Structure formats: structure tokens, C-alpha cells
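Worksheet for the structure shown next.
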Amino acid sequence: MTEKQKMLMGELYDPLDPELSRERGECRELCLLLNASHLEQSEERKRLLNELFGAKTDVSIEPPFFCDYGRNIRLGSKVFFNFNCVVLDVAQVTIGDHTLFGPAVQLYTATHPLDADERRRGLESAKPISIGNDVWVGGGAIICPGVTIGDRAVIGAGSVVTRDIPADTIAAGNPARVIRSGSQE
């Protein structure tokens, strides 16, 4: 099994593998070009976004934006990333339609072994993140590996989300906890 296959299956893998290093390098180049582009609706910017995510997308991104691979991010329609967002997409990140990310939001699928000997060997693994439709993630929030956020949830600014958040709730804090359920009107 290749290191990439191990990575995508959530098993321990070597992130310094040449194939993975090359793919991250290509992604960094695309992010640099994207972050240097100034015209939101230009054809060149649309081409860069489609290449970065490996599919046609109508995502709106305020630069700078950073990710590890890009192609492990599955975007719904009308997704918005505000300034300075980071997505460590070692595992799949799924984002639903009409989802909004405030400035400096970070999504981390990457994780490291708790065992010091395994960490010394340079191994890591990942757990996927899933974010539903119509979600709003406030500025500076961190979404940790393996988290699922349900449809229409709101994550308060500065929150650290370490476990699943149900649909139709507002969660905030460190660690984030549900502070309101039901209709948010």
C-alpha cells in the first residue's frame, strides 16, 4: 500500500513520501498564485480554483487561503472563505452548500500519534471533517480532526470544536459546546 493510500484511509503514514511532498508542493504553488490574484471573478482565478479543488466550483475566497492538497476538499455551492483561512486536508473535508467561514478559521484533519515513539518516527494520520449546509463558522474558530458539524449550525468566533455539533444549534467555547438548540431566529 502506498503512503498516499494509507493517508487517505486514516492509517499512519509518512508525510515525507516523495509523491505526497510533490502533491503538497503543487498545491502550495496554486495557493500562491490564487493569493496573488486580485480580481474575484476573473477567468484566471476561476481556473486556479477549479485546478486547486480538482472540480468546477463557485467558491468565493478572500486571500490568503492555504491548504495541503486541495483535492481532498469537497465543496458545495456558494461556499465562502474569509481572509486567512487554513484547511489541512490530509483526509477528506466535505463542506455543504451556502457555508460561511469567518477570517482565520482553521480546519485540521491531520493528527499525530499519542505515542512518543511513533511521533519520533515522523508518522501521522488523519480523520475527515464534515460540515453541513448553511453553516456559519465564526472568525478564528478551529475545527479539529474527525468532527462533523450539522446543517444550519453556528460556531462562535474563537471556538475550538473537538467533537460533533448537531444540526440547528449554536456552539461556542474552548472546547466548543452547544449553547442553544432549535430555531435560531
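Residue numbering restarts at 1 in every chain; chains get A, B, ... in the order shown in the C-alpha cells, and ligands count up from 1 in that same order.
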
- Task: Once DSSP has gone over the backbone, tell me which residues of chain A are in helix (DSSP H, G or I), as a PyMOL selection string.
- Result: chain A and resi 3-8+18-36+43-53+116-120

- Message: Can you pull out the residues contacting Arg24 (chain A)? Cut-off 10 Å, using only C-alpha atoms, and skip same-chain residues under 3 positions away; I want them as a count of residues only.
- Response: 14

Distance query Leu75 (chain A) at most 10 Å, only C-alpha atoms, self and fewer than 5 positions along chain excluded, as a PDB file with N, CA and C atoms, in the first residue's frame:
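The resulting around-v5.pdb:
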ATOM      1  N   PHE A  53      -9.054  22.646  -6.420  1.00  0.00           N
ATOM      2  CA  PHE A  53     -10.007  21.720  -5.806  1.00  0.00           C
ATOM      3  C   PHE A  53     -10.315  20.511  -6.680  1.00  0.00           C
ATOM      4  N   ALA A  55     -12.151  20.229  -9.267  1.00  0.00           N
ATOM      5  CA  ALA A  55     -13.514  20.177  -9.777  1.00  0.00           C
ATOM      6  C   ALA A  55     -14.002  21.600  -9.996  1.00  0.00           C
ATOM      7  N   LYS A  56     -15.003  21.751 -10.848  1.00  0.00           N
ATOM      8  CA  LYS A  56     -15.589  23.067 -11.065  1.00  0.00           C
ATOM      9  C   LYS A  56     -16.247  23.527  -9.767  1.00  0.00           C
ATOM     10  N   THR A  57     -15.995  24.779  -9.391  1.00  0.00           N
ATOM     11  CA  THR A  57     -16.511  25.285  -8.127  1.00  0.00           C
ATOM     12  C   THR A  57     -16.901  26.753  -8.258  1.00  0.00           C
ATOM     13  N   ASP A  58     -17.866  27.160  -7.439  1.00  0.00           N
ATOM     14  CA  ASP A  58     -18.228  28.575  -7.366  1.00  0.00           C
ATOM     15  C   ASP A  58     -17.854  29.153  -5.999  1.00  0.00           C
ATOM     16  N   VAL A  59     -16.877  28.539  -5.344  1.00  0.00           N
ATOM     17  CA  VAL A  59     -16.411  29.011  -4.042  1.00  0.00           C
ATOM     18  C   VAL A  59     -15.897  30.442  -4.157  1.00  0.00           C
ATOM     19  N   VAL A  93     -12.261  16.659   3.469  1.00  0.00           N
ATOM     20  CA  VAL A  93     -13.039  17.717   4.104  1.00  0.00           C
ATOM     21  C   VAL A  93     -14.243  17.955   3.204  1.00  0.00           C
ATOM     22  N   THR A  94     -15.434  17.755   3.744  1.00  0.00           N
ATOM     23  CA  THR A  94     -16.662  17.939   2.992  1.00  0.00           C
ATOM     24  C   THR A  94     -17.394  19.150   3.555  1.00  0.00           C
ATOM     25  N   ILE A  95     -17.725  20.093   2.669  1.00  0.00           N
ATOM     26  CA  ILE A  95     -18.376  21.338   3.082  1.00  0.00           C
ATOM     27  C   ILE A  95     -19.648  21.509   2.262  1.00  0.00           C
ATOM     28  N   GLY A  96     -20.768  21.706   2.948  1.00  0.00           N
ATOM     29  CA  GLY A  96     -22.057  21.813   2.286  1.00  0.00           C
ATOM     30  C   GLY A  96     -22.305  23.167   1.644  1.00  0.00           C
ATOM     31  N   ASP A  97     -23.461  23.273   1.005  1.00  0.00           N
ATOM     32  CA  ASP A  97     -23.874  24.482   0.299  1.00  0.00           C
ATOM     33  C   ASP A  97     -24.068  25.650   1.258  1.00  0.00           C
ATOM     34  N   HIS A  98     -23.760  26.849   0.758  1.00  0.00           N
ATOM     35  CA  HIS A  98     -24.035  28.106   1.465  1.00  0.00           C
ATOM     36  C   HIS A  98     -23.397  28.152   2.849  1.00  0.00           C
ATOM     37  N   THR A  99     -22.211  27.605   2.984  1.00  0.00           N
ATOM     38  CA  THR A  99     -21.488  27.608   4.252  1.00  0.00           C
ATOM     39  C   THR A  99     -20.487  28.749   4.253  1.00  0.00           C
ATOM     40  N   ILE A 131     -18.846  19.208   7.208  1.00  0.00           N
ATOM     41  CA  ILE A 131     -19.582  20.405   7.615  1.00  0.00           C
ATOM     42  C   ILE A 131     -20.799  20.504   6.710  1.00  0.00           C
TER      43      ILE A 131
END

- Task: Pick out each residue of region 23-88 of chain A that DSSP on the backbone tags as strand (DSSP E or B); I need them as an NGL selection string.
- Result: :A and (60-61 or 65-67 or 73-75 or 80-81 or 85-88)

- Query: Excluding same-chain residues fewer than 2 positions from Asp168 (chain A), what lies within 12 Å of it counting only C-alpha atoms, as a PyMOL selection string?
  - Reply: chain A and resi 132-136+149-155+165-166+170-171+178-185

- Distance criterion (only C-alpha atoms): nearest to His112 (chain A) out of A:Gly54, A:Gly10, A:Gly158, A:Pro175: A:Gly10

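When only C-alpha atoms are used to compute distances to Ile61 (chain A), the closest of the residues A:Val105, A:Val161, A:Val87, A:Leu34 turns out to be A:Leu34.
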
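Distances to Val79 (chain A) were evaluated for A:Glu62, A:Thr169, A:Pro128, A:Asp164 using only C-alpha atoms, and the minimum falls at A:Glu62.
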